[in-house]
>>> print(open('input.pdb').read())   # PDB, N, CA and C atoms
MODEL        1
ATOM      1  N   MET A   7       7.283 -26.139   5.641
ATOM      2  CA  MET A   7       5.967 -26.741   5.622
ATOM      3  C   MET A   7       4.981 -25.709   5.086
ATOM      4  N   SER A   8       4.374 -26.009   3.931
ATOM      5  CA  SER A   8       3.416 -25.053   3.374
ATOM      6  C   SER A   8       2.011 -25.423   3.821
ATOM      7  N   THR A   9       1.209 -24.402   3.984
ATOM      8  CA  THR A   9      -0.166 -24.631   4.408
ATOM      9  C   THR A   9      -1.076 -24.548   3.195
ATOM     10  N   GLN A  10      -2.117 -25.320   3.216
ATOM     11  CA  GLN A  10      -3.067 -25.358   2.111
ATOM     12  C   GLN A  10      -3.919 -24.094   2.116
ATOM     13  N   PRO A  11      -4.123 -23.504   0.930
ATOM     14  CA  PRO A  11      -4.994 -22.335   0.874
ATOM     15  C   PRO A  11      -6.423 -22.705   1.264
ATOM     16  N   THR A  12      -7.080 -21.756   1.882
ATOM     17  CA  THR A  12      -8.491 -21.926   2.183
ATOM     18  C   THR A  12      -9.242 -20.816   1.459
ATOM     19  N   THR A  13     -10.526 -20.968   1.338
ATOM     20  CA  THR A  13     -11.330 -19.973   0.647
ATOM     21  C   THR A  13     -11.854 -18.956   1.650
ATOM     22  N   VAL A  14     -11.644 -17.697   1.320
ATOM     23  CA  VAL A  14     -12.100 -16.603   2.168
ATOM     24  C   VAL A  14     -13.125 -15.804   1.375
ATOM     25  N   GLU A  15     -14.207 -15.441   2.029
ATOM     26  CA  GLU A  15     -15.219 -14.614   1.383
ATOM     27  C   GLU A  15     -14.993 -13.157   1.764
ATOM     28  N   VAL A  16     -14.875 -12.316   0.748
ATOM     29  CA  VAL A  16     -14.754 -10.880   0.981
ATOM     30  C   VAL A  16     -15.875 -10.186   0.220
ATOM     31  N   LYS A  17     -16.252  -9.018   0.710
ATOM     32  CA  LYS A  17     -17.341  -8.267   0.102
ATOM     33  C   LYS A  17     -16.817  -6.909  -0.342
ATOM     34  N   ILE A  18     -16.975  -6.623  -1.634
ATOM     35  CA  ILE A  18     -16.519  -5.362  -2.198
ATOM     36  C   ILE A  18     -17.670  -4.759  -2.992
ATOM     37  N   LEU A  19     -18.069  -3.554  -2.638
ATOM     38  CA  LEU A  19     -19.212  -2.877  -3.252
ATOM     39  C   LEU A  19     -20.442  -3.780  -3.290
ATOM     40  N   ASP A  20     -20.723  -4.371  -2.142
ATOM     41  CA  ASP A  20     -21.906  -5.210  -1.946
ATOM     42  C   ASP A  20     -21.915  -6.488  -2.776
ATOM     43  N   LYS A  21     -20.782  -6.858  -3.343
ATOM     44  CA  LYS A  21     -20.684  -8.109  -4.092
ATOM     45  C   LYS A  21     -19.694  -9.019  -3.373
ATOM     46  N   GLU A  22     -20.054 -10.291  -3.258
ATOM     47  CA  GLU A  22     -19.205 -11.236  -2.549
ATOM     48  C   GLU A  22     -18.258 -11.942  -3.515
ATOM     49  N   TYR A  23     -17.015 -12.096  -3.053
ATOM     50  CA  TYR A  23     -15.987 -12.779  -3.835
ATOM     51  C   TYR A  23     -15.359 -13.855  -2.964
ATOM     52  N   LEU A  24     -15.111 -15.019  -3.545
ATOM     53  CA  LEU A  24     -14.410 -16.090  -2.865
ATOM     54  C   LEU A  24     -12.973 -16.094  -3.367
ATOM     55  N   VAL A  25     -12.027 -16.019  -2.430
ATOM     56  CA  VAL A  25     -10.615 -15.911  -2.786
ATOM     57  C   VAL A  25      -9.836 -16.988  -2.042
ATOM     58  N   ALA A  26      -9.018 -17.748  -2.789
ATOM     59  CA  ALA A  26      -8.149 -18.747  -2.161
ATOM     60  C   ALA A  26      -6.980 -18.018  -1.518
ATOM     61  N   CYS A  27      -6.682 -18.393  -0.289
ATOM     62  CA  CYS A  27      -5.661 -17.669   0.460
ATOM     63  C   CYS A  27      -5.091 -18.571   1.544
ATOM     64  N   PRO A  28      -3.749 -18.546   1.744
ATOM     65  CA  PRO A  28      -3.183 -19.316   2.856
ATOM     66  C   PRO A  28      -3.732 -18.778   4.178
ATOM     67  N   PRO A  29      -3.943 -19.646   5.148
ATOM     68  CA  PRO A  29      -4.510 -19.218   6.429
ATOM     69  C   PRO A  29      -3.764 -18.053   7.070
ATOM     70  N   GLU A  30      -2.435 -18.035   6.971
ATOM     71  CA  GLU A  30      -1.669 -16.971   7.619
ATOM     72  C   GLU A  30      -1.816 -15.617   6.917
ATOM     73  N   GLU A  31      -2.389 -15.592   5.731
ATOM     74  CA  GLU A  31      -2.588 -14.348   4.989
ATOM     75  C   GLU A  31      -4.041 -13.858   5.018
ATOM     76  N   GLN A  32      -4.920 -14.576   5.683
ATOM     77  CA  GLN A  32      -6.345 -14.240   5.659
ATOM     78  C   GLN A  32      -6.645 -12.864   6.232
ATOM     79  N   ASP A  33      -6.037 -12.513   7.356
ATOM     80  CA  ASP A  33      -6.282 -11.193   7.948
ATOM     81  C   ASP A  33      -5.855 -10.082   6.997
ATOM     82  N   ALA A  34      -4.698 -10.264   6.349
ATOM     83  CA  ALA A  34      -4.210  -9.253   5.406
ATOM     84  C   ALA A  34      -5.152  -9.144   4.209
ATOM     85  N   LEU A  35      -5.671 -10.264   3.738
ATOM     86  CA  LEU A  35      -6.610 -10.247   2.620
ATOM     87  C   LEU A  35      -7.886  -9.500   2.995
ATOM     88  N   VAL A  36      -8.409  -9.762   4.162
ATOM     89  CA  VAL A  36      -9.632  -9.095   4.620
ATOM     90  C   VAL A  36      -9.391  -7.594   4.758
ATOM     91  N   ARG A  37      -8.232  -7.191   5.308
ATOM     92  CA  ARG A  37      -7.912  -5.761   5.420
ATOM     93  C   ARG A  37      -7.795  -5.115   4.041
ATOM     94  N   ALA A  38      -7.160  -5.821   3.110
ATOM     95  CA  ALA A  38      -7.008  -5.291   1.752
ATOM     96  C   ALA A  38      -8.372  -5.120   1.082
ATOM     97  N   ALA A  39      -9.245  -6.107   1.270
ATOM     98  CA  ALA A  39     -10.587  -6.031   0.679
ATOM     99  C   ALA A  39     -11.371  -4.869   1.285
ATOM    100  N   ARG A  40     -11.245  -4.664   2.588
ATOM    101  CA  ARG A  40     -11.927  -3.533   3.233
ATOM    102  C   ARG A  40     -11.410  -2.199   2.705
ATOM    103  N   HIS A  41     -10.106  -2.115   2.536
ATOM    104  CA  HIS A  41      -9.493  -0.886   2.022
ATOM    105  C   HIS A  41      -9.983  -0.613   0.588
ATOM    106  N   LEU A  42      -9.977  -1.638  -0.246
ATOM    107  CA  LEU A  42     -10.449  -1.493  -1.618
ATOM    108  C   LEU A  42     -11.920  -1.096  -1.639
ATOM    109  N   ASP A  43     -12.727  -1.737  -0.818
ATOM    110  CA  ASP A  43     -14.152  -1.415  -0.733
ATOM    111  C   ASP A  43     -14.342   0.055  -0.358
ATOM    112  N   HIS A  44     -13.578   0.508   0.621
ATOM    113  CA  HIS A  44     -13.672   1.909   1.071
ATOM    114  C   HIS A  44     -13.314   2.863  -0.067
ATOM    115  N   LYS A  45     -12.209   2.595  -0.758
ATOM    116  CA  LYS A  45     -11.769   3.457  -1.858
ATOM    117  C   LYS A  45     -12.801   3.469  -2.985
ATOM    118  N   MET A  46     -13.356   2.311  -3.305
ATOM    119  CA  MET A  46     -14.345   2.234  -4.376
ATOM    120  C   MET A  46     -15.625   2.973  -3.995
ATOM    121  N   ARG A  47     -16.016   2.875  -2.734
ATOM    122  CA  ARG A  47     -17.209   3.615  -2.275
ATOM    123  C   ARG A  47     -16.983   5.121  -2.345
ATOM    124  N   GLU A  48     -15.777   5.576  -2.000
ATOM    125  CA  GLU A  48     -15.464   7.004  -2.115
ATOM    126  C   GLU A  48     -15.626   7.478  -3.556
ATOM    127  N   ILE A  49     -15.114   6.700  -4.486
ATOM    128  CA  ILE A  49     -15.193   7.067  -5.902
ATOM    129  C   ILE A  49     -16.639   7.046  -6.381
ATOM    130  N   ARG A  50     -17.375   6.025  -5.988
ATOM    131  CA  ARG A  50     -18.782   5.925  -6.403
ATOM    132  C   ARG A  50     -19.590   7.095  -5.839
ATOM    133  N   THR A  51     -19.317   7.456  -4.587
ATOM    134  CA  THR A  51     -20.040   8.546  -3.938
ATOM    135  C   THR A  51     -19.759   9.889  -4.616
ATOM    136  N   SER A  52     -18.554  10.043  -5.172
ATOM    137  CA  SER A  52     -18.217  11.309  -5.836
ATOM    138  C   SER A  52     -19.129  11.566  -7.034
ATOM    139  N   GLY A  53     -19.689  10.502  -7.602
ATOM    140  CA  GLY A  53     -20.599  10.650  -8.724
ATOM    141  C   GLY A  53     -19.919  10.973 -10.043
ATOM    142  N   LYS A  54     -18.586  10.952 -10.085
ATOM    143  CA  LYS A  54     -17.864  11.301 -11.305
ATOM    144  C   LYS A  54     -17.544  10.082 -12.169
ATOM    145  N   VAL A  55     -17.592   8.896 -11.579
ATOM    146  CA  VAL A  55     -17.247   7.673 -12.304
ATOM    147  C   VAL A  55     -18.410   6.701 -12.168
ATOM    148  N   PHE A  56     -18.816   6.116 -13.295
ATOM    149  CA  PHE A  56     -19.946   5.190 -13.284
ATOM    150  C   PHE A  56     -19.503   3.816 -13.758
ATOM    151  N   GLY A  57     -20.091   2.798 -13.187
ATOM    152  CA  GLY A  57     -19.785   1.425 -13.558
ATOM    153  C   GLY A  57     -18.755   0.821 -12.631
ATOM    154  N   THR A  58     -19.043  -0.365 -12.167
ATOM    155  CA  THR A  58     -18.170  -1.034 -11.202
ATOM    156  C   THR A  58     -16.762  -1.224 -11.742
ATOM    157  N   GLU A  59     -16.646  -1.599 -13.007
ATOM    158  CA  GLU A  59     -15.316  -1.829 -13.584
ATOM    159  C   GLU A  59     -14.503  -0.538 -13.604
ATOM    160  N   ARG A  60     -15.106   0.556 -14.010
ATOM    161  CA  ARG A  60     -14.400   1.840 -14.049
ATOM    162  C   ARG A  60     -14.045   2.305 -12.640
ATOM    163  N   ILE A  61     -14.947   2.096 -11.694
ATOM    164  CA  ILE A  61     -14.669   2.455 -10.302
ATOM    165  C   ILE A  61     -13.484   1.651  -9.782
ATOM    166  N   ALA A  62     -13.443   0.349 -10.115
ATOM    167  CA  ALA A  62     -12.344  -0.508  -9.672
ATOM    168  C   ALA A  62     -11.022  -0.051 -10.270
ATOM    169  N   VAL A  63     -11.034   0.319 -11.552
ATOM    170  CA  VAL A  63      -9.806   0.779 -12.203
ATOM    171  C   VAL A  63      -9.333   2.083 -11.570
ATOM    172  N   MET A  64     -10.249   3.012 -11.316
ATOM    173  CA  MET A  64      -9.870   4.276 -10.688
ATOM    174  C   MET A  64      -9.314   4.042  -9.283
ATOM    175  N   ALA A  65      -9.941   3.144  -8.528
ATOM    176  CA  ALA A  65      -9.442   2.827  -7.181
ATOM    177  C   ALA A  65      -8.037   2.230  -7.271
ATOM    178  N   ALA A  66      -7.829   1.319  -8.224
ATOM    179  CA  ALA A  66      -6.510   0.705  -8.398
ATOM    180  C   ALA A  66      -5.469   1.759  -8.769
ATOM    181  N   LEU A  67      -5.830   2.670  -9.670
ATOM    182  CA  LEU A  67      -4.900   3.733 -10.051
ATOM    183  C   LEU A  67      -4.568   4.632  -8.865
ATOM    184  N   ASN A  68      -5.578   5.007  -8.105
ATOM    185  CA  ASN A  68      -5.345   5.871  -6.936
ATOM    186  C   ASN A  68      -4.454   5.193  -5.909
ATOM    187  N   MET A  69      -4.728   3.915  -5.624
ATOM    188  CA  MET A  69      -3.927   3.210  -4.614
ATOM    189  C   MET A  69      -2.498   2.983  -5.114
ATOM    190  N   THR A  70      -2.337   2.705  -6.397
ATOM    191  CA  THR A  70      -0.994   2.536  -6.961
ATOM    192  C   THR A  70      -0.218   3.838  -6.873
ATOM    193  N   HIS A  71      -0.885   4.939  -7.197
ATOM    194  CA  HIS A  71      -0.249   6.258  -7.091
ATOM    195  C   HIS A  71       0.207   6.522  -5.658
ATOM    196  N   GLU A  72      -0.657   6.225  -4.689
ATOM    197  CA  GLU A  72      -0.299   6.428  -3.282
ATOM    198  C   GLU A  72       0.924   5.599  -2.899
ATOM    199  N   LEU A  73       0.971   4.342  -3.356
ATOM    200  CA  LEU A  73       2.118   3.484  -3.044
ATOM    201  C   LEU A  73       3.395   4.009  -3.676
ATOM    202  N   LEU A  74       3.305   4.448  -4.933
ATOM    203  CA  LEU A  74       4.483   4.973  -5.612
ATOM    204  C   LEU A  74       4.966   6.263  -4.951
ATOM    205  N   GLU A  75       4.034   7.108  -4.521
ATOM    206  CA  GLU A  75       4.407   8.331  -3.812
ATOM    207  C   GLU A  75       5.103   7.987  -2.501
ATOM    208  N   ARG A  76       4.585   7.004  -1.809
ATOM    209  CA  ARG A  76       5.182   6.580  -0.541
ATOM    210  C   ARG A  76       6.594   6.049  -0.783
ATOM    211  N   ASP A  77       6.767   5.255  -1.859
ATOM    212  CA  ASP A  77       8.094   4.744  -2.196
ATOM    213  C   ASP A  77       9.044   5.885  -2.533
ATOM    214  N   SER A  78       8.554   6.881  -3.283
ATOM    215  CA  SER A  78       9.389   8.032  -3.632
ATOM    216  C   SER A  78       9.819   8.768  -2.387
ATOM    217  N   MET A  79       8.879   8.930  -1.451
ATOM    218  CA  MET A  79       9.222   9.609  -0.203
ATOM    219  C   MET A  79      10.238   8.790   0.569
ATOM    220  N   SER A  80      10.110   7.473   0.539
ATOM    221  CA  SER A  80      11.063   6.613   1.233
ATOM    222  C   SER A  80      12.443   6.752   0.617
ATOM    223  N   ASP A  81      12.509   6.806  -0.726
ATOM    224  CA  ASP A  81      13.792   6.972  -1.400
ATOM    225  C   ASP A  81      14.412   8.318  -1.044
ATOM    226  N   ALA A  82      13.580   9.370  -1.056
ATOM    227  CA  ALA A  82      14.081  10.706  -0.728
ATOM    228  C   ALA A  82      14.570  10.750   0.718
ATOM    229  N   THR A  83      13.828  10.135   1.618
ATOM    230  CA  THR A  83      14.216  10.091   3.024
ATOM    231  C   THR A  83      15.514   9.320   3.185
ATOM    232  N   SER A  84      15.633   8.207   2.472
ATOM    233  CA  SER A  84      16.842   7.401   2.541
ATOM    234  C   SER A  84      18.054   8.199   2.055
ATOM    235  N   THR A  85      17.892   8.916   0.950
ATOM    236  CA  THR A  85      18.973   9.742   0.418
ATOM    237  C   THR A  85      19.366  10.827   1.409
ATOM    238  N   LEU A  86      18.369  11.478   1.996
ATOM    239  CA  LEU A  86      18.631  12.528   2.984
ATOM    240  C   LEU A  86      19.389  11.963   4.186
ATOM    241  N   LEU A  87      18.955  10.801   4.671
ATOM    242  CA  LEU A  87      19.622  10.199   5.826
ATOM    243  C   LEU A  87      21.064   9.819   5.497
ATOM    244  N   LYS A  88      21.300   9.307   4.291
ATOM    245  CA  LYS A  88      22.671   8.960   3.892
ATOM    246  C   LYS A  88      23.548  10.206   3.837
ATOM    247  N   THR A  89      22.999  11.295   3.302
ATOM    248  CA  THR A  89      23.746  12.556   3.232
ATOM    249  C   THR A  89      24.070  13.063   4.630
ATOM    250  N   MET A  90      23.075  13.020   5.514
ATOM    251  CA  MET A  90      23.292  13.480   6.887
ATOM    252  C   MET A  90      24.320  12.595   7.580
ATOM    253  N   ASP A  91      24.255  11.292   7.341
ATOM    254  CA  ASP A  91      25.203  10.364   7.945
ATOM    255  C   ASP A  91      26.621  10.666   7.480
ATOM    256  N   SER A  92      26.755  10.932   6.184
ATOM    257  CA  SER A  92      28.065  11.257   5.636
ATOM    258  C   SER A  92      28.612  12.547   6.239
ATOM    259  N   LYS A  93      27.747  13.563   6.352
ATOM    260  CA  LYS A  93      28.172  14.835   6.949
ATOM    261  C   LYS A  93      28.564  14.646   8.413
ATOM    262  N   LEU A  94      27.801  13.820   9.116
ATOM    263  CA  LEU A  94      28.103  13.551  10.520
ATOM    264  C   LEU A  94      29.443  12.838  10.656
ATOM    265  N   GLU A  95      29.677  11.856   9.785
ATOM    266  CA  GLU A  95      30.958  11.147   9.820
ATOM    267  C   GLU A  95      32.112  12.108   9.550
ATOM    268  N   ASN A  96      31.932  13.001   8.555
ATOM    269  CA  ASN A  96      32.978  13.986   8.247
ATOM    270  C   ASN A  96      33.218  14.906   9.434
ATOM    271  N   ALA A  97      32.139  15.379  10.051
ATOM    272  CA  ALA A  97      32.271  16.279  11.186
ATOM    273  C   ALA A  97      32.952  15.586  12.357
ATOM    274  N   LEU A  98      32.563  14.350  12.628
ATOM    275  CA  LEU A  98      33.192  13.605  13.720
ATOM    276  C   LEU A  98      34.641  13.295  13.408
ATOM    277  N   GLY A  99      34.912  13.003  12.147
ATOM    278  CA  GLY A  99      36.298  12.731  11.738
ATOM    279  C   GLY A  99      37.167  13.954  11.921
ATOM    280  N   GLU A 100      36.645  15.128  11.557
ATOM    281  CA  GLU A 100      37.396  16.380  11.703
ATOM    282  C   GLU A 100      37.625  16.712  13.179
ATOM    283  N   SER A 101      36.606  16.501  14.011
ATOM    284  CA  SER A 101      36.761  16.855  15.421
ATOM    285  C   SER A 101      37.696  15.901  16.135
ATOM    286  N   SER A 102      37.805  14.668  15.678
ATOM    287  CA  SER A 102      38.720  13.729  16.351
ATOM    288  C   SER A 102      40.162  13.960  15.899
ATOM    289  N   ASN A 103      40.351  14.690  14.784
ATOM    290  CA  ASN A 103      41.690  15.010  14.311
ATOM    291  C   ASN A 103      42.285  16.209  15.040
ATOM    292  N   HIS A 104      41.488  16.959  15.786
ATOM    293  CA  HIS A 104      41.983  18.161  16.479
ATOM    294  C   HIS A 104      42.591  17.841  17.800
TER     295      HIS A 104
ENDMDL
END
>>> encode(input="input.pdb", output="structure tokens")
Amino acid sequence: MSTQPTTVEVKILDKEYLVACPPEEQDALVRAARHLDHKMREIRTSGKVFGTERIAVMAALNMTHELLERDSMSDATSTLLKTMDSKLENALGESSNH
């Protein structure tokens, strides 16, 4: 059973946007809009980037970079855990053979 999207108002850099969103995703949308607003305000406050469009692009690039870094760390952690698991299995296998 799919639910009909409803319109949610979010505010980013003092501008209001109406976004269609399923009711069960509204909280996530509001959190995402708040996060984007915060990142854009940080960039605007730095005074190094001018114009809403450029600020939005820089915020998007920064957040994408953070996500990719997090994914890389997850991959590295996963690889490390697999290696440790393999070593543990080998060690347990050797000790049960004695």
>>> atom_distance(input="input.pdb", atom1="atom CA of A:Glu59", atom2="atom N of A:Ala34")
24.1 Å
>>> residues_around(input="input.pdb", residues="A:Ala65", least_positions_apart="3", cutoff="9 Å", atoms="only C-alpha atoms", output="PyMOL selection string")
chain A and resi 42+45-46+48-49+60-62+68-70
>>> write_last_selection(input="input.pdb", atoms="N, CA and C atoms", output="PDB file, in the frame of the given file")
ATOM      1  N   LEU A  42      -9.977  -1.638  -0.246  1.00  0.00           N
ATOM      2  CA  LEU A  42     -10.449  -1.493  -1.618  1.00  0.00           C
ATOM      3  C   LEU A  42     -11.920  -1.096  -1.639  1.00  0.00           C
ATOM      4  N   LYS A  45     -12.209   2.595  -0.758  1.00  0.00           N
ATOM      5  CA  LYS A  45     -11.769   3.457  -1.858  1.00  0.00           C
ATOM      6  C   LYS A  45     -12.801   3.469  -2.985  1.00  0.00           C
ATOM      7  N   MET A  46     -13.356   2.311  -3.305  1.00  0.00           N
ATOM      8  CA  MET A  46     -14.345   2.234  -4.376  1.00  0.00           C
ATOM      9  C   MET A  46     -15.625   2.973  -3.995  1.00  0.00           C
ATOM     10  N   GLU A  48     -15.777   5.576  -2.000  1.00  0.00           N
ATOM     11  CA  GLU A  48     -15.464   7.004  -2.115  1.00  0.00           C
ATOM     12  C   GLU A  48     -15.626   7.478  -3.556  1.00  0.00           C
ATOM     13  N   ILE A  49     -15.114   6.700  -4.486  1.00  0.00           N
ATOM     14  CA  ILE A  49     -15.193   7.067  -5.902  1.00  0.00           C
ATOM     15  C   ILE A  49     -16.639   7.046  -6.381  1.00  0.00           C
ATOM     16  N   ARG A  60     -15.106   0.556 -14.010  1.00  0.00           N
ATOM     17  CA  ARG A  60     -14.400   1.840 -14.049  1.00  0.00           C
ATOM     18  C   ARG A  60     -14.045   2.305 -12.640  1.00  0.00           C
ATOM     19  N   ILE A  61     -14.947   2.096 -11.694  1.00  0.00           N
ATOM     20  CA  ILE A  61     -14.669   2.455 -10.302  1.00  0.00           C
ATOM     21  C   ILE A  61     -13.484   1.651  -9.782  1.00  0.00           C
ATOM     22  N   ALA A  62     -13.443   0.349 -10.115  1.00  0.00           N
ATOM     23  CA  ALA A  62     -12.344  -0.508  -9.672  1.00  0.00           C
ATOM     24  C   ALA A  62     -11.022  -0.051 -10.270  1.00  0.00           C
ATOM     25  N   ASN A  68      -5.578   5.007  -8.105  1.00  0.00           N
ATOM     26  CA  ASN A  68      -5.345   5.871  -6.936  1.00  0.00           C
ATOM     27  C   ASN A  68      -4.454   5.193  -5.909  1.00  0.00           C
ATOM     28  N   MET A  69      -4.728   3.915  -5.624  1.00  0.00           N
ATOM     29  CA  MET A  69      -3.927   3.210  -4.614  1.00  0.00           C
ATOM     30  C   MET A  69      -2.498   2.983  -5.114  1.00  0.00           C
ATOM     31  N   THR A  70      -2.337   2.705  -6.397  1.00  0.00           N
ATOM     32  CA  THR A  70      -0.994   2.536  -6.961  1.00  0.00           C
ATOM     33  C   THR A  70      -0.218   3.838  -6.873  1.00  0.00           C
TER      34      THR A  70
END
>>> atom_distance(input="input.pdb", atom1="atom N of A:Thr58", atom2="atom C of A:Asp43")
12.7 Å
>>> atom_distance(input="input.pdb", atom1="atom C of A:Ile18", atom2="atom CA of A:His41")
10.3 Å
>>> residues_around(input="input.pdb", residues="A:Pro29", least_positions_apart="3", cutoff="7 Å", atoms="all atoms listed in the file", output="PyMOL selection string")
chain A and resi 9-12+32-33
>>> closest_residue(input="input.pdb", among="A:Glu75, A:Lys54, A:Ala26, A:Val16", to="A:Arg40", atoms="only N, CA and C atoms")
A:Val16
>>> axis_aligned_box(input="input.pdb", around="stretch 24-38 of chain A", padding_each_side="4 Å", output="AutoDock Vina command-line options")
--center_x -8.4 --center_y -12.4 --center_z 2.2 --size_x 21.4 --size_y 22.5 --size_z 19.5
>>> select_by_dssp(input="input.pdb", residues="stretch 7-102 of chain A", states="helix (DSSP H, G or I)", output="NGL selection string")
:A and (29-52 or 58-102)
